[in-house]
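Trainee: Below are the structure tokens for one structure; questions will follow.
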Amino acid sequence: MTCQVLSDRMPLVALGQATWSDEQRRHLAQCADCSAEWRVVEQASRAVSTSPPGLDPELIGARVLHRLSTEPVPSQRSPRWWLAGAGIAAAAALALVVLKPGGPGVATAPLQSALELPMAELDSLDNDQLRLVLESIDEPLETPTMNEAPSMLDLDDQQLERVLGTLEG
Amino acid sequence: MSGLTQSLPLSDVELIAAYQGGDQRAAADLVARHAGAVGRFLYASGAGGSDVEDLTQETFFRAFRRLDSWRGEASFRGWLVTIAGNLLKDEYRKLKGKKVISLDGHDLADIRDPDAELQLSESEQRMRLGIAGLPRLQREVFLLRIQQGFGYEEIAAALGTTPGAARVHYHHAVKRLKEIIG
């Protein structure tokens, strides 16, 4: 009989889903660590078995169903749609530079005049999206810094849990 | 001879499939089956009595909107608890200045619910405060063990950790709670 066997069984006994064998009872009576842990588990089980006041599963179910039928589903378009649009916009900007009267060899201010033209797709992009468009035109001028690393908000739930897990004791 | 048969209740997987096939009643059955557990988890985690119903509702709403993302590695209840835990984390972010009380040198969020506490002994109140004050992963592992009777494999699947890590978190939680209840 090991302490780990008892420890693994304690929650089920506290929940009334299992019982102690005679051998386990004897160990519990003799082992200070196990009896201390059992005291915690028993008390905790009682303390957290309290239902929150007024919780009405039927009402919750009705409200959830109502929301599901009335609240619009958020758009789940692939993020690639904006990249395609941005690519077209970038290509259009380049085309304007190349096709300006005098051709590419003429010393004009091609980039400046391209940027002055309305580019609705580029205007709608956020900084990360715009950076990707620029990288498709030029090599990056500098290596990415920490500021360009994904933020915590970009992490999905599982990734966030892992990060929190490394931070918590 | 009467052909009385008692049909077994549908499993979570069957109810989910029924809901996805258009059976609204199946969704209501899932809520009825798991709302109490989700509510108790949130309540024990420190959600105020008045917030628990809203958070429970939001948990199920998000779950039903994301059913395709539940691939069955964790139990449906374990998955719900994970969603609930994330919602609670977001709530805590919004309530950064919430009151703190000191209990034997441990600073704990003041989650005392005067109406509910009339039913609890002093030691149980201390225990509730102590559990709510555990670091998040320790708290969630501990509650999944104590409230739901989950094994470490199931906890690991629900929380995206390993069984070994879950066991460590549980024992850390027990150690901290021993200090709090004396």
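Residues in the structure tokens are numbered from 1 in each chain, the chains being A, B, ... in the order shown, and ligands are numbered from 1 in the order shown.
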For the contact check between chain A and chain B, emit one row per residue of chain A within 6 Å, containing the shortest atom pair and the distance in Å rounded to one decimal, counting only C-alpha atoms, chain then rising number order, as a tab-separated table.

Mentor:
```
residue	atom	partner	partner_atom	distance
A:Pro11	CA	B:Ile146	CA	5.1
A:Leu12	CA	B:Gly149	CA	5.6
A:Ser45	CA	B:Ile146	CA	5.7
A:Ala47	CA	B:Glu124	CA	5.1
A:Val48	CA	B:Ala44	CA	5.5
A:Ser51	CA	B:Arg40	CA	5.4
A:Pro52	CA	B:Gly49	CA	5.7
A:Leu55	CA	B:Glu53	CA	6.0
A:Pro57	CA	B:Ala32	CA	5.2
A:Ile60	CA	B:Gln57	CA	5.6
A:Gly61	CA	B:Ala28	CA	5.0
A:Val64	CA	B:Phe61	CA	5.5
```

Trainee: Hey, what's within 8 Å of segment 7-9 of chain A if we count only C-alpha atoms and toss same-chain stuff fewer than 3 positions away? As a VMD selection string, please?

Mentor: (chain A and resid 3 to 4 12 to 13 18 34 37 to 38) or (chain B and resid 151)

Trainee: Write out as a list in words the residues lying within 9 Å of segment 68-73 of chain B, counting only C-alpha atoms and excluding same-chain residues fewer than 2 positions away.

Mentor: Val13, Ala63, Phe64, Arg65, Arg66, Ser75, Phe76, Trp79, Glu154, Ala157 and Ala158 of chain B

Trainee: With N, CA, C and O atoms retained, could you export that selection as a tab-separated table (two decimals), in the first residue's frame?

Mentor:
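Heads up, here's the output in out01.tsv:
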```tsv
chain	number	residue	atom	x	y	z
B	13	VAL	N	-21.38	12.70	-26.95
B	13	VAL	CA	-21.08	12.66	-28.38
B	13	VAL	C	-22.36	12.55	-29.20
B	13	VAL	O	-22.53	13.22	-30.22
B	63	ALA	N	-19.04	27.26	-26.44
B	63	ALA	CA	-18.82	25.84	-26.75
B	63	ALA	C	-19.64	25.43	-27.97
B	63	ALA	O	-19.14	24.79	-28.90
B	64	PHE	N	-20.91	25.82	-27.99
B	64	PHE	CA	-21.76	25.42	-29.11
B	64	PHE	C	-21.35	26.10	-30.41
B	64	PHE	O	-21.52	25.55	-31.49
B	65	ARG	N	-20.80	27.30	-30.28
B	65	ARG	CA	-20.32	27.97	-31.49
B	65	ARG	C	-19.03	27.33	-32.02
B	65	ARG	O	-18.69	27.50	-33.18
B	66	ARG	N	-18.30	26.62	-31.15
B	66	ARG	CA	-17.01	26.06	-31.54
B	66	ARG	C	-17.00	24.54	-31.45
B	66	ARG	O	-15.95	23.95	-31.26
B	75	SER	N	-12.74	15.03	-22.34
B	75	SER	CA	-14.18	14.83	-22.23
B	75	SER	C	-14.88	16.15	-22.51
B	75	SER	O	-14.27	17.22	-22.40
B	76	PHE	N	-16.14	16.09	-22.88
B	76	PHE	CA	-16.88	17.31	-23.16
B	76	PHE	C	-16.93	18.20	-21.92
B	76	PHE	O	-16.75	19.40	-22.01
B	79	TRP	N	-13.65	19.91	-21.48
B	79	TRP	CA	-13.53	20.98	-22.46
B	79	TRP	C	-14.32	22.21	-22.01
B	79	TRP	O	-13.84	23.34	-22.08
B	154	GLU	N	-7.11	12.47	-17.85
B	154	GLU	CA	-8.24	13.27	-18.32
B	154	GLU	C	-8.00	14.75	-18.07
B	154	GLU	O	-8.33	15.60	-18.90
B	157	ALA	N	-5.56	16.04	-20.68
B	157	ALA	CA	-6.21	16.24	-21.97
B	157	ALA	C	-7.05	17.51	-21.96
B	157	ALA	O	-7.07	18.27	-22.93
B	158	ALA	N	-7.71	17.78	-20.86
B	158	ALA	CA	-8.59	18.95	-20.79
B	158	ALA	C	-7.79	20.25	-20.76
B	158	ALA	O	-8.15	21.24	-21.39
```

Trainee: Which residues come within 7 Å of Gln24 of chain A, counting only C-alpha atoms, excluding same-chain residues fewer than 4 positions away, as a list in words?

Mentor: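 Using only C-alpha atoms, the neighbours found are Leu6, Trp20 and Leu28 of chain A.
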
Trainee: Would you mind exporting N, CA, C and O atoms of the selected residues as a CSV table (one decimal), in the first residue's frame?

Mentor:
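What follows is the written file result.csv:
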```csv
chain,number,residue,atom,x,y,z
A,6,LEU,N,-3.3,5.8,-2.3
A,6,LEU,CA,-4.3,6.4,-1.5
A,6,LEU,C,-4.6,7.8,-2.0
A,6,LEU,O,-5.8,8.2,-2.1
A,20,TRP,N,-12.9,3.1,1.0
A,20,TRP,CA,-11.6,2.5,1.4
A,20,TRP,C,-11.7,1.1,1.7
A,20,TRP,O,-12.7,0.6,2.3
A,28,LEU,N,-4.2,4.9,6.3
A,28,LEU,CA,-4.7,6.2,6.5
A,28,LEU,C,-4.5,6.6,8.0
A,28,LEU,O,-4.2,7.7,8.4
```

Trainee: At what distance in Å, to one decimal, does atom CA of Val41 of chain A lie from atom CA of Arg139 of chain B?

Mentor: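 Calculated distance between atom CA of Arg139 of chain B and atom CA of Val41 of chain A is 13.2 Å.
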
Trainee: Could you jot down the atom CA of Glu58 of chain A to atom CA of Lys94 of chain B separation for me, Å, one decimal place?

Mentor: 28.5 Å

Trainee: Could you jot down the atom CA of Gly85 of chain B to atom CA of Leu55 of chain B separation for me, Å, one decimal place?

Mentor: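 So the answer is 9.7 Å.
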
Trainee: Run DSSP on the backbone and tell me which residues of chain B come out as strand (DSSP E or B); list them as an MDAnalysis selection string.

Mentor: chainID B and resid 100:103 106:109
